[in-house]
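Peer 1: File follows, protein.txt with compact mmCIF, C-alpha atoms:
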```txt
# COMPACT_ATOMS: atom_id res chain seq x y z
CA MET A 1 -13.72 -24.16 -15.89
CA GLY A 2 -17.35 -25.27 -16.29
CA ILE A 3 -18.98 -28.22 -14.61
CA PRO A 4 -17.35 -31.37 -15.97
CA SER A 5 -19.24 -34.43 -17.21
CA PHE A 6 -18.75 -37.83 -15.62
CA GLY A 7 -18.95 -41.11 -17.42
CA ILE A 8 -18.60 -44.80 -16.73
CA GLU A 9 -17.23 -47.59 -18.88
CA PHE A 10 -18.39 -51.19 -18.87
CA VAL A 11 -16.78 -54.18 -20.49
CA PRO A 12 -19.81 -56.34 -21.35
CA MET A 13 -18.43 -59.49 -19.76
CA GLU A 14 -21.45 -59.94 -17.55
CA LEU A 15 -25.04 -60.79 -18.37
CA PHE A 16 -26.92 -57.96 -20.11
CA TRP A 17 -29.22 -57.38 -17.17
CA LYS A 18 -26.29 -56.84 -14.77
CA THR A 19 -24.59 -54.20 -16.95
CA THR A 20 -27.97 -52.53 -17.34
CA TYR A 21 -28.59 -52.67 -13.59
CA TYR A 22 -25.27 -50.87 -12.96
CA THR A 23 -26.04 -48.28 -15.63
CA ILE A 24 -29.44 -47.49 -14.09
CA GLN A 25 -27.62 -47.09 -10.78
CA ALA A 26 -25.10 -44.72 -12.39
CA GLU A 27 -27.86 -42.70 -14.03
CA LYS A 28 -29.65 -42.28 -10.70
CA LEU A 29 -26.43 -41.02 -9.12
CA GLY A 30 -25.86 -38.38 -11.76
CA TYR A 31 -23.36 -39.88 -14.20
CA ASP A 32 -23.68 -38.28 -17.63
CA SER A 33 -22.45 -41.00 -19.95
CA VAL A 34 -21.97 -44.74 -20.25
CA TRP A 35 -19.46 -46.26 -22.66
CA ILE A 36 -19.51 -49.91 -23.65
CA THR A 37 -16.34 -51.48 -25.00
CA ASP A 38 -16.37 -53.38 -28.27
CA HIS A 39 -14.37 -56.61 -28.27
CA PHE A 40 -15.28 -59.64 -30.34
CA ASN A 41 -14.83 -61.92 -27.32
CA ASN A 42 -17.35 -60.13 -25.09
CA ARG A 43 -21.05 -59.50 -25.53
CA ASN A 44 -22.05 -57.37 -28.49
CA VAL A 45 -21.75 -53.65 -27.87
CA TYR A 46 -24.95 -52.59 -29.65
CA VAL A 47 -27.09 -55.31 -28.10
CA SER A 48 -25.78 -54.11 -24.73
CA LEU A 49 -26.44 -50.47 -25.57
CA SER A 50 -29.97 -50.99 -26.85
CA PHE A 51 -30.82 -53.01 -23.75
CA ILE A 52 -29.43 -50.18 -21.60
CA ALA A 53 -31.25 -47.56 -23.66
CA ASN A 54 -34.56 -49.25 -22.88
CA TYR A 55 -34.12 -48.89 -19.14
CA THR A 56 -32.60 -45.42 -18.92
CA ASP A 57 -33.87 -41.93 -19.76
CA LYS A 58 -31.07 -39.41 -19.40
CA ILE A 59 -27.64 -40.96 -19.48
CA ARG A 60 -25.82 -40.61 -22.81
CA LEU A 61 -24.54 -43.83 -24.26
CA GLY A 62 -22.30 -45.22 -26.95
CA PRO A 63 -19.56 -47.60 -27.97
CA GLY A 64 -16.32 -46.72 -26.25
CA VAL A 65 -14.62 -47.51 -28.49
CA THR A 66 -15.39 -49.45 -31.64
CA ASN A 67 -12.85 -49.84 -34.45
CA PRO A 68 -13.00 -49.79 -38.25
CA TYR A 69 -10.87 -52.90 -38.71
CA LEU A 70 -13.52 -55.26 -37.37
CA VAL A 71 -16.62 -53.18 -38.09
CA HIS A 72 -16.96 -51.34 -41.40
CA PRO A 73 -17.79 -47.62 -40.91
CA VAL A 74 -21.14 -47.91 -42.73
CA MET A 75 -22.18 -50.58 -40.24
CA THR A 76 -21.08 -48.43 -37.30
CA ALA A 77 -23.07 -45.56 -38.80
CA GLN A 78 -26.08 -47.83 -39.18
CA SER A 79 -25.75 -49.12 -35.60
CA ILE A 80 -25.55 -45.72 -33.95
CA ALA A 81 -28.29 -44.33 -36.21
CA SER A 82 -30.57 -47.21 -35.16
CA LEU A 83 -29.61 -46.74 -31.52
CA SER A 84 -30.56 -43.08 -31.75
CA GLU A 85 -34.13 -44.14 -32.56
CA VAL A 86 -34.22 -45.98 -29.24
CA ALA A 87 -32.45 -43.19 -27.33
CA PRO A 88 -32.93 -39.92 -29.21
CA GLY A 89 -30.43 -37.21 -28.36
CA ARG A 90 -28.45 -39.53 -26.11
CA VAL A 91 -26.15 -41.42 -28.46
CA LEU A 92 -22.39 -40.91 -28.56
CA CYS A 93 -19.88 -42.76 -30.66
CA GLY A 94 -16.30 -43.57 -29.73
CA ILE A 95 -14.01 -44.59 -32.60
CA GLY A 96 -10.46 -45.80 -32.18
CA ALA A 97 -7.89 -47.91 -33.94
CA GLY A 98 -8.52 -50.88 -31.69
CA ASP A 99 -6.10 -53.08 -29.88
CA ARG A 100 -3.36 -54.58 -32.02
CA THR A 101 -3.24 -57.89 -30.16
CA SER A 102 -7.01 -58.47 -30.34
CA LEU A 103 -7.03 -57.60 -34.03
CA GLU A 104 -4.19 -59.98 -34.80
CA ILE A 105 -6.02 -62.86 -33.14
CA VAL A 106 -8.71 -62.61 -35.80
CA GLY A 107 -6.26 -62.02 -38.62
CA SER A 108 -6.86 -58.30 -38.95
CA LYS A 109 -3.98 -55.87 -39.24
CA MET A 110 -3.94 -52.34 -37.91
CA LYS A 111 -2.76 -50.56 -41.06
CA ASN A 112 -2.51 -46.79 -41.29
CA PRO A 113 -4.54 -46.20 -38.12
CA VAL A 114 -4.77 -42.39 -38.19
CA ARG A 115 -5.91 -42.29 -41.81
CA THR A 116 -8.34 -45.18 -41.23
CA VAL A 117 -9.93 -43.55 -38.18
CA ARG A 118 -10.16 -40.23 -40.01
CA GLU A 119 -11.98 -41.78 -42.95
CA THR A 120 -14.23 -43.69 -40.56
CA VAL A 121 -15.35 -40.51 -38.84
CA GLU A 122 -15.97 -38.88 -42.23
CA ILE A 123 -17.98 -41.84 -43.52
CA ILE A 124 -20.13 -42.00 -40.38
CA ARG A 125 -20.99 -38.32 -40.75
CA HIS A 126 -21.56 -38.79 -44.48
CA GLN A 127 -23.98 -41.66 -43.80
CA LEU A 128 -25.81 -39.87 -40.98
CA ALA A 129 -26.33 -36.91 -43.31
CA ARG A 130 -27.75 -39.33 -45.95
CA GLU A 131 -25.45 -37.91 -48.59
CA LYS A 132 -26.27 -39.18 -52.06
CA THR A 133 -22.69 -38.86 -53.26
CA GLY A 134 -20.15 -41.56 -52.66
CA TYR A 135 -17.04 -41.38 -50.53
CA GLU A 136 -13.63 -41.92 -52.00
CA GLY A 137 -10.89 -42.38 -49.50
CA LYS A 138 -7.54 -44.11 -49.51
CA VAL A 139 -8.81 -46.83 -47.20
CA PHE A 140 -12.56 -46.93 -47.84
CA ASN A 141 -14.65 -46.43 -50.94
CA ILE A 142 -18.40 -46.02 -50.77
CA LYS A 143 -20.34 -45.83 -54.01
CA ALA A 144 -22.88 -43.13 -54.70
CA GLY A 145 -26.36 -44.05 -53.53
CA ALA A 146 -25.20 -46.15 -50.56
CA LYS A 147 -27.40 -44.22 -48.21
CA PHE A 148 -29.80 -45.22 -45.44
CA ASN A 149 -33.42 -45.97 -46.25
CA PHE A 150 -34.38 -44.33 -42.98
CA LYS A 151 -33.88 -40.88 -41.57
CA PRO A 152 -31.45 -40.98 -38.68
CA GLU A 153 -30.51 -38.36 -36.14
CA LYS A 154 -27.85 -36.22 -37.83
CA ASN A 155 -25.83 -34.88 -34.97
CA ILE A 156 -24.40 -37.81 -33.11
CA PRO A 157 -21.17 -36.67 -31.42
CA ILE A 158 -18.15 -38.68 -32.50
CA TYR A 159 -15.24 -39.07 -30.11
CA VAL A 160 -11.82 -40.18 -31.26
CA GLY A 161 -10.15 -42.64 -28.91
CA ALA A 162 -6.49 -41.69 -28.79
CA GLN A 163 -3.18 -42.16 -27.02
CA GLY A 164 -0.40 -41.31 -29.47
CA PRO A 165 0.31 -37.72 -30.64
CA LYS A 166 -1.00 -38.14 -34.21
CA MET A 167 -4.28 -39.70 -33.16
CA LEU A 168 -4.69 -37.04 -30.46
CA GLN A 169 -4.18 -34.33 -33.05
CA LEU A 170 -6.75 -36.02 -35.28
CA ALA A 171 -9.20 -35.91 -32.37
CA GLY A 172 -8.61 -32.17 -32.13
CA ARG A 173 -8.98 -31.75 -35.88
CA ILE A 174 -12.18 -33.67 -36.50
CA GLY A 175 -13.62 -35.08 -33.27
CA ASP A 176 -16.58 -33.77 -31.33
CA GLY A 177 -14.59 -35.16 -28.47
CA ALA A 178 -11.31 -36.87 -27.62
CA LEU A 179 -11.27 -40.00 -25.49
CA ILE A 180 -7.80 -39.80 -23.99
CA ASN A 181 -6.63 -43.19 -22.92
CA ALA A 182 -4.60 -42.17 -19.85
CA SER A 183 -4.90 -41.86 -16.09
CA HIS A 184 -1.93 -39.78 -14.99
CA PRO A 185 -2.20 -35.97 -14.96
CA ASP A 186 1.18 -35.60 -16.74
CA ASP A 187 0.13 -37.94 -19.56
CA ILE A 188 -3.19 -36.14 -19.85
CA LYS A 189 -1.48 -32.77 -19.90
CA ARG A 190 0.74 -33.90 -22.79
CA ALA A 191 -2.30 -35.35 -24.57
CA VAL A 192 -4.34 -32.16 -24.24
CA VAL A 193 -1.48 -30.20 -25.84
CA GLN A 194 -1.71 -32.49 -28.89
CA VAL A 195 -5.51 -32.23 -29.12
CA LYS A 196 -5.19 -28.46 -28.94
CA LYS A 197 -2.53 -28.56 -31.68
CA GLY A 198 -4.91 -30.49 -33.92
CA ALA A 199 -7.79 -28.11 -33.24
CA THR A 200 -5.59 -25.09 -33.99
CA LYS A 201 -4.37 -26.62 -37.27
CA ALA A 202 -7.98 -27.12 -38.33
CA ASN A 203 -8.94 -23.59 -37.27
CA ARG A 204 -11.34 -24.99 -34.74
CA ASN A 205 -12.26 -23.58 -31.39
CA PHE A 206 -10.61 -25.90 -28.85
CA ASP A 207 -13.54 -25.37 -26.48
CA ASP A 208 -15.78 -27.16 -28.98
CA VAL A 209 -13.89 -30.41 -28.33
CA ASP A 210 -15.04 -32.41 -25.31
CA ILE A 211 -11.85 -33.59 -23.65
CA ALA A 212 -12.55 -36.91 -21.96
CA ALA A 213 -10.04 -38.70 -19.76
CA TYR A 214 -10.74 -42.39 -20.16
CA THR A 215 -9.12 -43.78 -17.04
CA SER A 216 -8.53 -47.08 -15.31
CA PHE A 217 -10.37 -46.48 -12.11
CA SER A 218 -10.81 -48.20 -8.78
CA VAL A 219 -12.43 -46.87 -5.63
CA ALA A 220 -13.09 -48.57 -2.29
CA GLU A 221 -13.43 -47.60 1.37
CA GLU A 222 -9.95 -49.09 1.94
CA LYS A 223 -7.07 -48.05 -0.28
CA LYS A 224 -5.64 -51.56 -0.14
CA GLU A 225 -8.84 -53.02 -1.59
CA ALA A 226 -9.01 -50.42 -4.36
CA LYS A 227 -5.39 -51.18 -5.30
CA LYS A 228 -5.91 -54.92 -5.27
CA ALA A 229 -8.78 -54.60 -7.74
CA VAL A 230 -6.82 -52.50 -10.22
CA VAL A 231 -3.66 -54.64 -10.29
CA PRO A 232 -4.68 -56.96 -13.17
CA VAL A 233 -5.71 -54.00 -15.35
CA VAL A 234 -2.45 -52.18 -14.62
CA ALA A 235 -0.45 -55.34 -15.37
CA TYR A 236 -1.92 -55.40 -18.89
CA ILE A 237 -1.33 -51.68 -19.39
CA VAL A 238 2.31 -51.97 -18.29
CA ALA A 239 2.79 -54.99 -20.54
CA GLY A 240 1.36 -53.15 -23.53
CA SER A 241 3.06 -49.79 -23.01
CA PRO A 242 6.00 -48.71 -25.16
CA SER A 243 9.35 -48.22 -23.42
CA SER A 244 9.15 -44.44 -23.87
CA VAL A 245 5.92 -44.30 -21.85
CA LEU A 246 7.32 -46.58 -19.13
CA GLU A 247 10.50 -44.54 -18.84
CA THR A 248 8.53 -41.32 -18.49
CA HIS A 249 7.04 -42.76 -15.32
CA GLY A 250 10.32 -44.25 -14.09
CA ILE A 251 9.09 -47.81 -14.60
CA SER A 252 11.71 -50.44 -15.36
CA VAL A 253 11.42 -51.69 -18.93
CA GLU A 254 12.90 -54.97 -17.81
CA LYS A 255 10.20 -55.38 -15.16
CA ALA A 256 7.53 -54.63 -17.77
CA ARG A 257 9.02 -57.26 -20.05
CA GLU A 258 8.80 -59.81 -17.23
CA ILE A 259 5.14 -58.95 -16.65
CA ARG A 260 4.42 -59.31 -20.38
CA LYS A 261 6.11 -62.70 -20.44
CA ASN A 262 4.22 -63.93 -17.39
CA LEU A 263 0.89 -62.72 -18.75
CA ALA A 264 1.55 -64.51 -22.04
CA GLU A 265 2.37 -67.69 -20.12
CA ARG A 266 -0.68 -67.19 -17.91
CA ASN A 267 1.45 -66.99 -14.77
CA TRP A 268 -1.05 -64.63 -13.16
CA GLY A 269 0.51 -64.73 -9.69
CA GLU A 270 3.94 -63.72 -11.01
CA ALA A 271 2.53 -61.10 -13.38
CA PHE A 272 0.20 -59.42 -10.91
CA GLY A 273 2.71 -59.78 -8.06
CA ALA A 274 5.19 -57.64 -9.99
CA VAL A 275 2.82 -54.66 -10.22
CA ASP A 276 3.98 -51.99 -7.78
CA SER A 277 2.60 -48.69 -6.46
CA GLN A 278 4.54 -46.67 -9.00
CA MET A 279 2.84 -48.55 -11.86
CA ILE A 280 -0.59 -48.13 -10.25
CA ASN A 281 0.01 -44.43 -9.78
CA ALA A 282 1.08 -44.05 -13.41
CA PHE A 283 -1.74 -46.00 -15.01
CA ALA A 284 -4.77 -45.78 -12.74
CA VAL A 285 -6.86 -43.45 -10.63
CA CYS A 286 -7.19 -45.52 -7.51
CA GLY A 287 -7.86 -45.17 -3.80
CA THR A 288 -10.40 -44.10 -1.22
CA PRO A 289 -13.11 -41.64 -2.32
CA GLU A 290 -11.08 -38.81 -0.79
CA GLU A 291 -7.95 -39.80 -2.67
CA CYS A 292 -9.90 -40.14 -5.90
CA VAL A 293 -11.35 -36.63 -5.45
CA SER A 294 -7.86 -35.19 -5.21
CA LYS A 295 -6.56 -37.17 -8.25
CA ILE A 296 -9.59 -36.24 -10.37
CA ASP A 297 -9.19 -32.63 -9.35
CA GLU A 298 -5.60 -32.70 -10.66
CA ILE A 299 -6.74 -34.30 -13.92
CA LEU A 300 -9.52 -31.76 -14.46
CA LYS A 301 -6.99 -28.97 -14.07
CA MET A 302 -5.25 -30.27 -17.20
CA GLY A 303 -8.17 -29.14 -19.34
CA VAL A 304 -10.31 -32.25 -19.07
CA THR A 305 -14.05 -31.64 -19.43
CA HIS A 306 -15.30 -35.20 -19.12
CA PHE A 307 -13.97 -37.79 -16.67
CA VAL A 308 -14.67 -41.45 -17.42
CA THR A 309 -14.27 -44.13 -14.77
CA GLY A 310 -13.06 -47.19 -16.63
CA SER A 311 -12.51 -50.76 -15.57
CA PRO A 312 -12.31 -52.20 -13.00
CA LEU A 313 -14.26 -49.45 -11.07
CA GLY A 314 -13.46 -51.15 -7.77
CA PRO A 315 -13.46 -54.49 -5.95
CA ASP A 316 -17.27 -54.46 -5.90
CA LYS A 317 -18.95 -52.73 -8.85
CA LYS A 318 -22.20 -51.78 -7.11
CA ASN A 319 -20.40 -50.38 -4.10
CA ALA A 320 -17.83 -48.57 -6.27
CA ILE A 321 -20.58 -46.86 -8.29
CA ASN A 322 -22.27 -45.82 -5.06
CA LEU A 323 -19.03 -44.52 -3.56
CA PHE A 324 -18.23 -42.54 -6.67
CA GLY A 325 -21.76 -41.18 -7.05
CA LYS A 326 -22.21 -40.26 -3.40
CA GLU A 327 -18.72 -39.34 -2.22
CA VAL A 328 -16.73 -38.28 -5.27
CA LEU A 329 -19.06 -36.78 -7.83
CA PRO A 330 -20.70 -34.23 -5.48
CA HIS A 331 -17.32 -32.52 -5.01
CA PHE A 332 -17.35 -31.53 -8.65
CA ILE A 333 -20.95 -30.85 -9.48
CA GLU A 334 -22.32 -29.21 -6.36
CA PRO A 335 -21.91 -25.46 -6.07
CA MET B 1 -49.31 -69.81 -0.86
CA GLU B 2 -48.03 -67.82 -3.86
CA HIS B 3 -44.85 -65.69 -3.76
CA ARG B 4 -46.94 -62.50 -3.77
CA GLU B 5 -48.90 -63.62 -0.73
CA LEU B 6 -45.73 -64.56 1.09
CA VAL B 7 -44.22 -61.14 0.52
CA LYS B 8 -47.09 -59.59 2.48
CA LEU B 9 -45.61 -61.29 5.53
CA ILE B 10 -42.40 -59.25 5.27
CA PRO B 11 -42.53 -56.26 7.65
CA ASN B 12 -42.39 -52.91 5.85
CA ASP B 13 -39.43 -51.63 7.86
CA ILE B 14 -37.05 -54.32 6.65
CA ARG B 15 -38.13 -54.32 3.00
CA PRO B 16 -35.49 -51.86 1.72
CA GLN B 17 -32.55 -53.78 3.27
CA PHE B 18 -34.08 -57.10 2.33
CA SER B 19 -34.48 -56.10 -1.34
CA GLU B 20 -30.92 -54.74 -1.34
CA ARG B 21 -29.61 -58.03 0.02
CA LEU B 22 -31.51 -60.07 -2.55
CA THR B 23 -30.21 -57.83 -5.35
CA ASP B 24 -26.64 -58.27 -4.10
CA ILE B 25 -27.06 -62.02 -4.15
CA LEU B 26 -28.18 -61.86 -7.77
CA LEU B 27 -25.40 -59.51 -8.82
CA GLU B 28 -22.75 -61.52 -7.00
CA SER B 29 -23.88 -64.95 -8.12
CA SER B 30 -21.35 -66.19 -10.62
CA SER B 31 -23.90 -66.99 -13.26
CA GLY B 32 -26.74 -64.75 -12.10
CA SER B 33 -28.68 -66.53 -14.76
CA ILE B 34 -32.28 -65.74 -14.23
CA PRO B 35 -34.92 -66.03 -16.91
CA PRO B 36 -34.80 -62.92 -19.15
CA ARG B 37 -38.47 -62.32 -18.37
CA ILE B 38 -37.71 -61.89 -14.65
CA ALA B 39 -34.52 -59.91 -15.34
CA LYS B 40 -36.52 -57.39 -17.36
CA ILE B 41 -39.13 -57.05 -14.61
CA ILE B 42 -36.41 -56.49 -12.01
CA LEU B 43 -34.83 -53.75 -14.16
CA HIS B 44 -38.26 -52.18 -14.62
CA TYR B 45 -38.78 -51.94 -10.86
CA TRP B 46 -35.17 -50.90 -10.20
CA GLN B 47 -35.47 -48.02 -12.65
CA ARG B 48 -38.53 -46.83 -10.72
CA ASP B 49 -37.02 -47.40 -7.24
CA GLN B 50 -39.67 -50.00 -6.51
CA LEU B 51 -37.64 -53.11 -5.84
CA ASP B 52 -38.76 -53.00 -2.22
CA SER B 53 -42.42 -52.83 -3.19
CA GLN B 54 -44.57 -55.91 -2.89
CA ALA B 55 -44.32 -56.57 -6.61
CA GLY B 56 -40.57 -55.83 -6.70
CA LEU B 57 -39.85 -58.18 -3.81
CA THR B 58 -42.02 -60.88 -5.32
CA HIS B 59 -39.89 -60.92 -8.46
CA LEU B 60 -36.62 -60.62 -6.56
CA ILE B 61 -37.53 -63.64 -4.46
CA GLU B 62 -38.54 -65.52 -7.58
CA ALA B 63 -35.20 -64.63 -9.20
CA VAL B 64 -33.09 -65.63 -6.19
CA ALA B 65 -35.06 -68.86 -5.82
CA GLU B 66 -34.07 -69.57 -9.43
CA ALA B 67 -30.44 -68.42 -9.38
CA ALA B 68 -29.31 -69.22 -5.85
CA PRO B 69 -31.96 -71.16 -3.88
CA ASP B 70 -29.54 -71.99 -1.05
CA LYS B 71 -28.78 -68.30 -0.58
CA LEU B 72 -32.48 -67.49 -0.37
CA ALA B 73 -32.93 -69.79 2.59
CA GLN B 74 -29.88 -68.22 4.19
CA VAL B 75 -31.07 -64.65 3.73
CA LEU B 76 -34.56 -65.43 4.99
CA GLU B 77 -32.99 -66.73 8.14
CA GLU B 78 -30.66 -63.72 8.34
CA PHE B 79 -33.69 -61.39 8.30
CA LYS B 80 -35.51 -63.61 10.79
CA LEU B 81 -38.13 -64.52 8.25
CA GLN B 82 -38.22 -68.18 9.16
CA LYS B 83 -41.97 -68.11 8.94
CA ILE B 84 -41.70 -67.21 5.29
CA ALA B 85 -38.96 -69.75 4.74
CA TYR B 86 -41.26 -72.37 6.18
CA ALA B 87 -44.11 -71.20 3.98
CA PHE B 88 -41.79 -71.32 1.01
CA SER B 89 -40.86 -74.95 1.45
CA PRO B 90 -43.82 -76.34 -0.50
CA ILE B 91 -42.96 -74.02 -3.39
CA TRP B 92 -39.32 -75.10 -3.29
CA ASP B 93 -40.29 -78.74 -3.07
CA LYS B 94 -42.39 -78.25 -6.16
CA GLN B 95 -39.75 -76.27 -8.04
CA PHE B 96 -36.62 -78.20 -7.23
```
Show this structure as structure tokens.
Peer 2:
Amino acid sequence: MGIPSFGIEFVPMELFWKTTYYTIQAEKLGYDSVWITDHFNNRNVYVSLSFIANYTDKIRLGPGVTNPYLVHPVMTAQSIASLSEVAPGRVLCGIGAGDRTSLEIVGSKMKNPVRTVRETVEIIRHQLAREKTGYEGKVFNIKAGAKFNFKPEKNIPIYVGAQGPKMLQLAGRIGDGALINASHPDDIKRAVVQVKKGATKANRNFDDVDIAAYTSFSVAEEKKEAKKAVVPVVAYIVAGSPSSVLETHGISVEKAREIRKNLAERNWGEAFGAVDSQMINAFAVCGTPEECVSKIDEILKMGVTHFVTGSPLGPDKKNAINLFGKEVLPHFIEP
Amino acid sequence: MEHRELVKLIPNDIRPQFSERLTDILLESSSGSIPPRIAKIILHYWQRDQLDSQAGLTHLIEAVAEAAPDKLAQVLEEFKLQKIAYAFSPIWDKQF
């Protein structure tokens, strides 16, 4: 096992300068990548990324993840190509099917997600290569000559954001990386098997695929504080998880239904109050730095090469980034 | 007296903690809305580890005075910089 990469995810809910401040902090502490989520109701992902790119030198950066239902693949290609002018050699691109609920709010339907993501990845590569020919897919059609008027960086790694078996296999088949949306070692183990299956089917070397665990993460000096911070995130994950996933972790489907109902009715107290330790353990990496080291160690043993600390990070972002950078990360990168 | 002149009155040994505290106030303030011009300068100094320099502190103080003036008074007192707080009062009177 080589030295893994470590990344951080930000939801651009805060002012641009604050997200950039935290990213500079992460870069100083040795994080390798920063991923910015793409939701229509938060700040724009590419504005956030270009602002970050201006104040950082090493950290790799990209949307984590954007989706082809709200943003056409040629526009995603254009955005990352432009970003690579600001941050040459540092741009990454995470593509996923998006979140069904968010898409429905704006009247967009998640149709044929695996096929759509596949074509998206192909179109982005097609555009970055400035191919003169068109692209004829089942979902997208690009006419010949629809190429950039500028010369972009060709090799921008594309990661496929995945959770279900088919999307995970697609990541193995065509992705430079897989962004596995899971936090429990057992879920990650199952996911890695699928990515490997996809890579094998495509006659690819599995080692060429960067396996990233995109986790819900919370660290604090006190376990209780770390747990408290992650509860709202876990409540939403439980509410959105299919019964099969809940049952795998021994979580009551009935309890999950209650949480979903309370979230929909904005009964936050009831919803968050119903989140228990079992749910946190299943859907988050959470605890003191020492506990996080041991959980990350377990996850890395599943074949993960890139560990991403996702929201909420901890009760206090600045402190959580410091704790991770100073007390967790050195366990994995120092000889 | 200008901000920059006032910063000279801050003893060197407390500058790192003082700049850290001011940064925390900005990050924790619910809006944290400081003029983009100052935000960019703060990021510039932060990237270079110079927020505790005279120039870095000058802009941090300016930012906190803008985003959370009540907190600035509080933190000056906390760091026993009443002299500076006193010197700041004409600036505050003018600004607010």
Peer 1: When you get a sec, could you note down which chain B residues fall within 12 Å of chain A, using only C-alpha atoms, as a ChimeraX atom specification?
Peer 2: /B:20,23-49,51
Peer 1: Using all atoms listed in the file, which protein or nucleic acid residues come within 9 Å of Val304 (chain A)? Drop anything in the same chain fewer than 2 positions from it, and give the result as an NGL selection string.
Peer 2: :A and (4 or 188-189 or 192 or 210-213 or 299-302 or 306-307)
Peer 1: Between CA of Trp268 (chain A) and CA of Thr37 (chain A), what is the distance, to one decimal in Å?
Peer 2: 23.4 Å
Peer 1: Please, what distance in Å, to one decimal, runs between CA of Pro312 (chain A) and CA of Phe217 (chain A)?
Peer 2: 6.1 Å
Peer 1: Quick one: of B:Val75, B:Leu9, B:Ile14, B:Ser19, who's nearest to Gln50 (chain B), counting all atoms listed in the file?
Peer 2: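 Nearest candidate to Gln50 (chain B) out of B:Val75, B:Leu9, B:Ile14, B:Ser19: B:Ser19.
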Peer 1: Please report the interatomic distance between CA of Ala235 (chain A) and CA of Tyr214 (chain A) in Å with one decimal.
Peer 2: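 Taking CA of Ala235 (chain A) as the start and CA of Tyr214 (chain A) as the end point, the length is 17.2 Å.
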Peer 1: At a cut-off of 10 Å, using only C-alpha atoms, what residues contact His126 (chain A)? Leave out same-chain residues fewer than 4 positions from it and give the result as a list in words.
Peer 2: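 These residues fall inside the cut-off: Val74, Ala77, Thr120, Val121, Glu122, Arg130, Glu131, Lys132, Thr133, Gly134, Tyr135, Lys147 and Lys154 of chain A.
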Peer 1: With distances taken over only C-alpha atoms, which of B:Pro11, B:Ala55, B:Leu22, B:Leu81 is nearest to Ala67 (chain B)?
Peer 2: B:Leu22
Peer 1: Once 5 Å is added on each side, what centre and edge lengths in Å to one decimal does the axis-aligned box around all listed atoms of region 70-76 of chain B have, as AutoDock Vina command-line options?
Peer 2:
```
--center_x -31.7 --center_y -68.3 --center_z 2.0 --size_x 15.8 --size_y 17.3 --size_z 16.0
```
Peer 1: Out of A:Val230, A:Ile80, A:Met75, A:Ala87, which residue has the shortest atom-to-atom distance to Tyr46 (chain A) when counting all atoms listed in the file?
Peer 2: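 Ranked by minimum distance to Tyr46 (chain A), first place goes to A:Ile80.
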Peer 1: Give me the residues within 12 Å of region 201-204 of chain A as a PyMOL selection string, counting all atoms listed in the file and dropping any in the same chain fewer than 5 places off.
Peer 2: chain A and resi 169-176+194-196+209
Peer 1: Please, could you write that set of residues out with C-alpha atoms as a PDB file, in the frame of the given file?
Peer 2:
```
ATOM      1  CA  GLN A 169      -4.180 -34.330 -33.050  1.00  0.00           C
ATOM      2  CA  LEU A 170      -6.750 -36.020 -35.280  1.00  0.00           C
ATOM      3  CA  ALA A 171      -9.200 -35.910 -32.370  1.00  0.00           C
ATOM      4  CA  GLY A 172      -8.610 -32.170 -32.130  1.00  0.00           C
ATOM      5  CA  ARG A 173      -8.980 -31.750 -35.880  1.00  0.00           C
ATOM      6  CA  ILE A 174     -12.180 -33.670 -36.500  1.00  0.00           C
ATOM      7  CA  GLY A 175     -13.620 -35.080 -33.270  1.00  0.00           C
ATOM      8  CA  ASP A 176     -16.580 -33.770 -31.330  1.00  0.00           C
ATOM      9  CA  GLN A 194      -1.710 -32.490 -28.890  1.00  0.00           C
ATOM     10  CA  VAL A 195      -5.510 -32.230 -29.120  1.00  0.00           C
ATOM     11  CA  LYS A 196      -5.190 -28.460 -28.940  1.00  0.00           C
ATOM     12  CA  VAL A 209     -13.890 -30.410 -28.330  1.00  0.00           C
TER      13      VAL A 209
END
```
Peer 1: Quick one: of B:Arg21, B:Pro16, B:Ala65, B:Leu6, who's nearest to Lys83 (chain B), counting only C-alpha atoms?
Peer 2: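 Using only C-alpha atoms, Lys83 (chain B) sits closest to B:Leu6.
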Peer 1: Phe283 (chain A): which residues within 12 Å, counting all atoms listed in the file, same-chain residues fewer than 5 positions away excluded, as a ChimeraX atom specification?
Peer 2: /A:181-188,214-218,227,230-241,245-246,248-249,251,275-278,310-311
Peer 1: Using only C-alpha atoms, pick whichever of B:Glu5, B:Glu66, B:Ile10, B:Gln17 has the shortest atom-to-atom distance to Gln82 (chain B).
Peer 2: B:Ile10
Peer 1: Show me the residues around (-21.1, -44.7, -4.4) - criterion: an atom at most 12 Å away, all atoms listed in the file counted - as a PyMOL selection string.
Peer 2: chain A and resi 22+25-31+218-221+288-289+313-314+316-330
